[in-house]
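Enquirer: My structure is in target.pdb, and what it holds is PDB, C-alpha atoms, pLDDT in the B column:
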ATOM      1  CA  MET A  11     -61.783 214.761 201.609  1.00 51.00           C
ATOM      2  CA  MET A  12     -64.828 212.749 200.683  1.00 53.00           C
ATOM      3  CA  ASN A  13     -62.652 210.688 198.370  1.00 58.00           C
ATOM      4  CA  ASP A  14     -60.332 209.752 201.271  1.00 55.00           C
ATOM      5  CA  MET A  15     -63.210 208.511 203.406  1.00 52.00           C
ATOM      6  CA  ARG A  16     -64.565 206.253 200.660  1.00 53.00           C
ATOM      7  CA  ARG A  17     -61.163 204.730 200.120  1.00 53.00           C
ATOM      8  CA  ARG A  18     -60.723 203.980 203.862  1.00 55.00           C
ATOM      9  CA  ASP A  19     -64.149 202.372 204.096  1.00 63.00           C
ATOM     10  CA  GLY A  20     -63.039 199.692 201.642  1.00 74.00           C
ATOM     11  CA  GLY A  21     -60.768 197.811 204.149  1.00 84.00           C
ATOM     12  CA  PHE A  22     -57.117 197.601 205.071  1.00 86.00           C
ATOM     13  CA  SER A  23     -54.235 198.764 202.920  1.00 91.00           C
ATOM     14  CA  LEU A  24     -51.637 196.321 201.612  1.00 91.00           C
ATOM     15  CA  LEU A  25     -49.036 197.700 204.009  1.00 92.00           C
ATOM     16  CA  GLU A  26     -51.293 197.122 207.012  1.00 92.00           C
ATOM     17  CA  LEU A  27     -51.891 193.524 205.939  1.00 92.00           C
ATOM     18  CA  LEU A  28     -48.151 192.877 205.497  1.00 94.00           C
ATOM     19  CA  VAL A  29     -47.379 194.259 208.966  1.00 94.00           C
ATOM     20  CA  ALA A  30     -50.140 192.138 210.518  1.00 94.00           C
ATOM     21  CA  LEU A  31     -48.911 188.971 208.728  1.00 95.00           C
ATOM     22  CA  THR A  32     -45.321 189.653 209.819  1.00 95.00           C
ATOM     23  CA  ILE A  33     -46.373 190.014 213.461  1.00 95.00           C
ATOM     24  CA  LEU A  34     -48.475 186.846 213.219  1.00 94.00           C
ATOM     25  CA  GLY A  35     -45.591 184.912 211.642  1.00 94.00           C
ATOM     26  CA  LEU A  36     -43.118 185.982 214.318  1.00 94.00           C
ATOM     27  CA  SER A  37     -45.581 185.079 217.069  1.00 94.00           C
ATOM     28  CA  MET A  38     -46.205 181.622 215.598  1.00 94.00           C
ATOM     29  CA  ALA A  39     -42.472 180.962 215.118  1.00 93.00           C
ATOM     30  CA  THR A  40     -41.806 181.858 218.759  1.00 92.00           C
ATOM     31  CA  ALA A  41     -44.646 179.649 219.988  1.00 92.00           C
ATOM     32  CA  TYR A  42     -43.408 176.758 217.822  1.00 91.00           C
ATOM     33  CA  ARG A  43     -39.919 177.021 219.264  1.00 91.00           C
ATOM     34  CA  ILE A  44     -41.191 177.124 222.858  1.00 90.00           C
ATOM     35  CA  VAL A  45     -43.374 174.051 222.321  1.00 89.00           C
ATOM     36  CA  GLY A  46     -40.553 172.203 220.527  1.00 86.00           C
ATOM     37  CA  ASP A  47     -38.128 172.862 223.395  1.00 85.00           C
ATOM     38  CA  ALA A  48     -40.702 171.695 225.936  1.00 85.00           C
ATOM     39  CA  VAL A  49     -41.281 168.441 224.040  1.00 83.00           C
ATOM     40  CA  ALA A  50     -37.519 167.792 223.762  1.00 80.00           C
ATOM     41  CA  THR A  51     -37.016 168.452 227.478  1.00 83.00           C
ATOM     42  CA  THR A  52     -39.876 166.135 228.393  1.00 85.00           C
ATOM     43  CA  GLY A  53     -38.439 163.363 226.216  1.00 83.00           C
ATOM     44  CA  SER A  54     -34.981 163.580 227.785  1.00 85.00           C
ATOM     45  CA  ARG A  55     -36.464 163.598 231.286  1.00 88.00           C
ATOM     46  CA  GLU A  56     -38.557 160.533 230.510  1.00 88.00           C
ATOM     47  CA  ARG A  57     -35.438 158.688 229.294  1.00 87.00           C
ATOM     48  CA  LEU A  58     -33.529 159.676 232.432  1.00 89.00           C
ATOM     49  CA  VAL A  59     -36.357 158.513 234.706  1.00 91.00           C
ATOM     50  CA  ARG A  60     -36.492 155.203 232.819  1.00 90.00           C
ATOM     51  CA  LEU A  61     -32.741 154.695 233.207  1.00 91.00           C
ATOM     52  CA  ALA A  62     -32.927 155.562 236.918  1.00 91.00           C
ATOM     53  CA  ALA A  63     -35.724 153.029 237.455  1.00 92.00           C
ATOM     54  CA  LEU A  64     -33.718 150.340 235.639  1.00 92.00           C
ATOM     55  CA  ALA A  65     -30.615 151.170 237.696  1.00 90.00           C
ATOM     56  CA  ASP A  66     -32.595 150.877 240.933  1.00 90.00           C
ATOM     57  CA  ALA A  67     -34.038 147.539 239.837  1.00 90.00           C
ATOM     58  CA  ALA A  68     -30.574 146.309 238.825  1.00 89.00           C
ATOM     59  CA  PHE A  69     -29.013 147.337 242.163  1.00 86.00           C
ATOM     60  CA  THR A  70     -31.737 145.514 244.067  1.00 87.00           C
ATOM     61  CA  ASP A  71     -31.574 142.427 241.859  1.00 87.00           C
ATOM     62  CA  LEU A  72     -27.791 142.189 242.082  1.00 85.00           C
ATOM     63  CA  ARG A  73     -27.941 142.514 245.868  1.00 83.00           C
ATOM     64  CA  LEU A  74     -30.512 139.742 246.113  1.00 83.00           C
ATOM     65  CA  GLN A  75     -28.635 137.477 243.667  1.00 82.00           C
ATOM     66  CA  GLY A  76     -25.408 137.891 245.662  1.00 81.00           C
ATOM     67  CA  SER A  77     -23.359 138.852 242.606  1.00 81.00           C
ATOM     68  CA  ILE A  78     -22.189 141.994 240.827  1.00 81.00           C
ATOM     69  CA  GLU A  79     -22.014 140.489 237.332  1.00 84.00           C
ATOM     70  CA  GLU A  80     -24.330 141.757 234.571  1.00 83.00           C
ATOM     71  CA  GLU A  81     -25.339 138.165 233.856  1.00 84.00           C
ATOM     72  CA  ALA A  82     -26.739 137.811 237.393  1.00 83.00           C
ATOM     73  CA  ILE A  83     -29.707 140.082 236.641  1.00 85.00           C
ATOM     74  CA  SER A  84     -32.740 137.846 236.765  1.00 85.00           C
ATOM     75  CA  PHE A  85     -35.333 139.995 234.998  1.00 86.00           C
ATOM     76  CA  ASP A  86     -35.723 140.705 231.281  1.00 88.00           C
ATOM     77  CA  TRP A  87     -33.346 143.568 230.557  1.00 88.00           C
ATOM     78  CA  PRO A  88     -34.487 145.889 227.736  1.00 90.00           C
ATOM     79  CA  GLU A  89     -32.509 145.376 224.536  1.00 90.00           C
ATOM     80  CA  ASP A  90     -32.195 149.117 223.860  1.00 91.00           C
ATOM     81  CA  VAL A  91     -30.279 149.767 227.098  1.00 92.00           C
ATOM     82  CA  SER A  92     -26.678 148.719 227.676  1.00 91.00           C
ATOM     83  CA  LEU A  93     -25.413 148.040 231.198  1.00 91.00           C
ATOM     84  CA  THR A  94     -21.829 148.154 232.416  1.00 90.00           C
ATOM     85  CA  ILE A  95     -20.849 147.294 235.981  1.00 90.00           C
ATOM     86  CA  GLU A  96     -17.347 147.982 237.277  1.00 89.00           C
ATOM     87  CA  GLU A  97     -16.138 147.002 240.740  1.00 85.00           C
ATOM     88  CA  GLU A  98     -13.883 149.526 242.395  1.00 78.00           C
ATOM     89  CA  THR A  99     -11.189 147.806 244.376  1.00 70.00           C
ATOM     90  CA  GLY A 100      -9.684 148.944 247.617  1.00 66.00           C
ATOM     91  CA  PRO A 101     -10.886 149.014 251.189  1.00 64.00           C
ATOM     92  CA  ILE A 102     -14.133 150.671 252.102  1.00 67.00           C
ATOM     93  CA  ALA A 103     -13.482 153.341 254.725  1.00 65.00           C
ATOM     94  CA  GLY A 104     -14.347 152.307 258.264  1.00 63.00           C
ATOM     95  CA  LEU A 105     -14.648 148.593 257.527  1.00 62.00           C
ATOM     96  CA  SER A 106     -12.246 145.791 258.291  1.00 60.00           C
ATOM     97  CA  GLY A 107     -12.186 142.222 257.053  1.00 58.00           C
ATOM     98  CA  THR A 108     -14.124 141.164 253.974  1.00 58.00           C
ATOM     99  CA  PRO A 109     -17.811 141.865 254.530  1.00 61.00           C
ATOM    100  CA  PRO A 110     -20.193 141.219 251.637  1.00 72.00           C
ATOM    101  CA  LEU A 111     -19.933 144.881 250.611  1.00 80.00           C
ATOM    102  CA  ARG A 112     -18.801 145.944 247.159  1.00 81.00           C
ATOM    103  CA  ARG A 113     -18.181 149.424 245.766  1.00 84.00           C
ATOM    104  CA  ILE A 114     -19.477 149.499 242.201  1.00 86.00           C
ATOM    105  CA  ARG A 115     -20.050 151.916 239.328  1.00 90.00           C
ATOM    106  CA  MET A 116     -23.054 151.180 237.141  1.00 90.00           C
ATOM    107  CA  THR A 117     -23.442 152.861 233.748  1.00 92.00           C
ATOM    108  CA  LEU A 118     -26.619 152.615 231.700  1.00 93.00           C
ATOM    109  CA  GLU A 119     -26.942 153.963 228.163  1.00 92.00           C
ATOM    110  CA  ASP A 120     -29.891 153.840 225.780  1.00 90.00           C
ATOM    111  CA  GLU A 121     -29.867 153.854 221.981  1.00 89.00           C
ATOM    112  CA  ARG A 122     -30.942 157.509 221.799  1.00 86.00           C
ATOM    113  CA  GLY A 123     -27.882 158.729 223.684  1.00 83.00           C
ATOM    114  CA  GLY A 124     -29.323 158.952 227.184  1.00 85.00           C
ATOM    115  CA  GLU A 125     -26.745 158.006 229.802  1.00 89.00           C
ATOM    116  CA  LEU A 126     -26.819 157.511 233.557  1.00 90.00           C
ATOM    117  CA  SER A 127     -23.825 156.645 235.709  1.00 91.00           C
ATOM    118  CA  LEU A 128     -24.178 155.752 239.383  1.00 88.00           C
ATOM    119  CA  GLU A 129     -21.678 154.831 242.049  1.00 87.00           C
ATOM    120  CA  GLY A 130     -22.512 153.154 245.294  1.00 84.00           C
ATOM    121  CA  ILE A 131     -21.834 150.475 247.831  1.00 83.00           C
ATOM    122  CA  ILE A 132     -23.870 147.338 247.509  1.00 81.00           C
ATOM    123  CA  ARG A 133     -24.360 144.749 250.251  1.00 79.00           C
ATOM    124  CA  LEU A 134     -24.602 141.336 248.709  1.00 78.00           C
ATOM    125  CA  ARG A 135     -27.094 138.896 250.129  1.00 75.00           C
ATOM    126  CA  LEU A 136     -25.211 135.650 250.497  1.00 68.00           C
ATOM    127  CA  ALA A 137     -26.500 132.153 251.099  1.00 66.00           C
ATOM    128  CA  PRO A 138     -25.826 130.806 254.599  1.00 66.00           C
ATOM    129  CA  GLY A 139     -22.197 129.640 254.852  1.00 63.00           C
ATOM    130  CA  ALA A 140     -21.179 131.251 251.532  1.00 61.00           C
ATOM    131  CA  GLN A 141     -17.987 133.295 251.351  1.00 60.00           C
ATOM    132  CA  PRO A 142     -18.024 136.830 249.968  1.00 54.00           C
TER     133      PRO A 142
END
For the structure just supplied, provide its representation as structure tokens.
Expert:
Amino acid sequence: MMNDMRRRDGGFSLLELLVALTILGLSMATAYRIVGDAVATTGSRERLVRLAALADAAFTDLRLQGSIEEEAISFDWPEDVSLTIEEETGPIAGLSGTPPLRRIRMTLEDERGGELSLEGIIRLRLAPGAQP
């Protein structure tokens, strides 16, 4: 019995150390995965917010320029983002004649695969006497 006590006073057994290291490894792997997922989610949200801000700026700029062409954008468009504007033809419900309203679909895509597609009606600001 005295022999058993001396052996236990010397520290942990190899089996106890292996169990502790296994638990530590599993805990660290789980924490790493959680942090990695959070970073990836944050990055994709930041790209989406950036694309939404660019889309808002483009809608406003196109309205003020009085055109729905990509070339009408008057500010420096980022090179890593592509812009496609499509006009949807057909009458706009509840409106008659040809007001300066256009139904458009705007698609923005960045180099990392982020994509944002918006549809809306834009009211063009026309110069006095100009035809829509």
Enquirer: Would you pick out the contacts of Leu134 of chain A at 8 Å or less, using all atoms listed in the file, so that residues sharing its chain but fewer than 2 positions from it are not included, and give the list as an NGL selection string?
Expert: :A and (72-77 or 110-112 or 132 or 136)
Enquirer: I need the chosen residues saved as a PDB file, in the coordinates of the input, with C-alpha atoms.
Expert:
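out09.pdb was written with the following content:
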ATOM      1  CA  LEU A  72     -27.791 142.189 242.082  1.00 85.00           C
ATOM      2  CA  ARG A  73     -27.941 142.514 245.868  1.00 83.00           C
ATOM      3  CA  LEU A  74     -30.512 139.742 246.113  1.00 83.00           C
ATOM      4  CA  GLN A  75     -28.635 137.477 243.667  1.00 82.00           C
ATOM      5  CA  GLY A  76     -25.408 137.891 245.662  1.00 81.00           C
ATOM      6  CA  SER A  77     -23.359 138.852 242.606  1.00 81.00           C
ATOM      7  CA  PRO A 110     -20.193 141.219 251.637  1.00 72.00           C
ATOM      8  CA  LEU A 111     -19.933 144.881 250.611  1.00 80.00           C
ATOM      9  CA  ARG A 112     -18.801 145.944 247.159  1.00 81.00           C
ATOM     10  CA  ILE A 132     -23.870 147.338 247.509  1.00 81.00           C
ATOM     11  CA  LEU A 136     -25.211 135.650 250.497  1.00 68.00           C
TER      12      LEU A 136
END
Enquirer: Neighbours of Thr94 of chain A within 10 Å (only C-alpha atoms; same-chain residues fewer than 5 positions away dropped), as number ranges by chain?
Expert: A: 79-80, 115-119, 127
Enquirer: Interatomic distance between atom CA of Leu58 of chain A and atom CA of Leu126 of chain A?
Expert: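 Atom-to-atom, atom CA of Leu58 of chain A and atom CA of Leu126 of chain A are spaced 7.1 Å apart.
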Enquirer: Would you list the residues near (-38.7, 135.0, 240.1) (no more than 12 Å away, in the coordinates of the file, using all atoms listed in the file) as a ChimeraX atom specification?
Expert: /A:71,74-75,83-86
Enquirer: Using C-alpha atoms, can you export the residues from the last selection as a short mmCIF file (atom, residue, chain, number, x, y, z; two decimals), in the coordinates of the input?
Expert:
data_model
loop_
_atom_site.label_atom_id
_atom_site.label_comp_id
_atom_site.auth_asym_id
_atom_site.auth_seq_id
_atom_site.Cartn_x
_atom_site.Cartn_y
_atom_site.Cartn_z
CA ASP A 71 -31.57 142.43 241.86
CA LEU A 74 -30.51 139.74 246.11
CA GLN A 75 -28.64 137.48 243.67
CA ILE A 83 -29.71 140.08 236.64
CA SER A 84 -32.74 137.85 236.76
CA PHE A 85 -35.33 140.00 235.00
CA ASP A 86 -35.72 140.71 231.28
#
Enquirer: For a quick check of understanding, using all atoms listed in the file, which of A:Ile44, A:Ala82, A:Ile95, A:Ala50 has the smallest distance to Ala65 of chain A?
Expert: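 Closest to Ala65 of chain A of all the choices is A:Ile95.
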Enquirer: Take atom CA of Asp120 of chain A and atom CA of Tyr42 of chain A and report the distance between them in Å, one decimal.
Expert: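 Spanning atom CA of Asp120 of chain A to atom CA of Tyr42 of chain A is a straight-line distance of 27.8 Å.
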Enquirer: Tell me which of A:Ile33, A:Leu93, A:Leu25, A:Ala48 sits closest to Ala68 of chain A, counting only C-alpha atoms.
Expert: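 Among A:Ile33, A:Leu93, A:Leu25, A:Ala48, it is A:Leu93 that comes nearest to Ala68 of chain A.
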Enquirer: For Arg60 of chain A, which residue out of A:Leu128, A:Val91, A:Ala41, A:Leu34 is the nearest one, using all atoms listed in the file?
Expert: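 Distance minimum relative to Arg60 of chain A lands on A:Val91.
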Enquirer: Which is closer to Leu61 of chain A than all the others in A:Thr32, A:Thr99, A:Thr40, A:Ser92, using all atoms listed in the file?
Expert: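 Ranking A:Thr32, A:Thr99, A:Thr40, A:Ser92 by distance to Leu61 of chain A, first place goes to A:Ser92.
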Enquirer: Could you complete segment 83-96 of chain A so that it carries N, CA and C atoms, and give it back as a PDB file, keeping the file's coordinate frame?
Expert:
ATOM      1  N   ILE A  83     -28.392 139.427 236.623  1.00 85.00           N
ATOM      2  CA  ILE A  83     -29.707 140.082 236.641  1.00 85.00           C
ATOM      3  C   ILE A  83     -30.753 139.078 236.190  1.00 85.00           C
ATOM      4  N   SER A  84     -31.773 138.915 237.009  1.00 85.00           N
ATOM      5  CA  SER A  84     -32.740 137.846 236.765  1.00 85.00           C
ATOM      6  C   SER A  84     -33.998 138.288 236.028  1.00 85.00           C
ATOM      7  N   PHE A  85     -34.134 139.559 235.731  1.00 86.00           N
ATOM      8  CA  PHE A  85     -35.333 139.995 234.998  1.00 86.00           C
ATOM      9  C   PHE A  85     -34.954 140.318 233.553  1.00 86.00           C
ATOM     10  N   ASP A  86     -35.959 140.437 232.698  1.00 88.00           N
ATOM     11  CA  ASP A  86     -35.723 140.705 231.281  1.00 88.00           C
ATOM     12  C   ASP A  86     -35.219 142.140 231.103  1.00 88.00           C
ATOM     13  N   TRP A  87     -33.950 142.258 230.758  1.00 88.00           N
ATOM     14  CA  TRP A  87     -33.346 143.568 230.557  1.00 88.00           C
ATOM     15  C   TRP A  87     -33.718 144.089 229.176  1.00 88.00           C
ATOM     16  N   PRO A  88     -34.114 145.350 229.046  1.00 90.00           N
ATOM     17  CA  PRO A  88     -34.487 145.889 227.736  1.00 90.00           C
ATOM     18  C   PRO A  88     -33.297 145.863 226.762  1.00 90.00           C
ATOM     19  N   GLU A  89     -33.569 145.503 225.530  1.00 90.00           N
ATOM     20  CA  GLU A  89     -32.509 145.376 224.536  1.00 90.00           C
ATOM     21  C   GLU A  89     -31.928 146.725 224.121  1.00 90.00           C
ATOM     22  N   ASP A  90     -32.684 147.806 224.295  1.00 91.00           N
ATOM     23  CA  ASP A  90     -32.195 149.117 223.860  1.00 91.00           C
ATOM     24  C   ASP A  90     -31.358 149.834 224.915  1.00 91.00           C
ATOM     25  N   VAL A  91     -31.075 149.168 226.031  1.00 92.00           N
ATOM     26  CA  VAL A  91     -30.279 149.767 227.098  1.00 92.00           C
ATOM     27  C   VAL A  91     -29.074 148.876 227.384  1.00 92.00           C
ATOM     28  N   SER A  92     -27.884 149.483 227.336  1.00 91.00           N
ATOM     29  CA  SER A  92     -26.678 148.719 227.676  1.00 91.00           C
ATOM     30  C   SER A  92     -26.323 148.983 229.134  1.00 91.00           C
ATOM     31  N   LEU A  93     -25.768 147.969 229.784  1.00 91.00           N
ATOM     32  CA  LEU A  93     -25.413 148.040 231.198  1.00 91.00           C
ATOM     33  C   LEU A  93     -23.956 147.647 231.364  1.00 91.00           C
ATOM     34  N   THR A  94     -23.213 148.462 232.086  1.00 90.00           N
ATOM     35  CA  THR A  94     -21.829 148.154 232.416  1.00 90.00           C
ATOM     36  C   THR A  94     -21.666 148.290 233.922  1.00 90.00           C
ATOM     37  N   ILE A  95     -21.087 147.262 234.544  1.00 90.00           N
ATOM     38  CA  ILE A  95     -20.849 147.294 235.981  1.00 90.00           C
ATOM     39  C   ILE A  95     -19.356 147.114 236.205  1.00 90.00           C
ATOM     40  N   GLU A  96     -18.766 148.050 236.939  1.00 89.00           N
ATOM     41  CA  GLU A  96     -17.347 147.982 237.277  1.00 89.00           C
ATOM     42  C   GLU A  96     -17.215 147.962 238.793  1.00 89.00           C
TER      43      GLU A  96
END
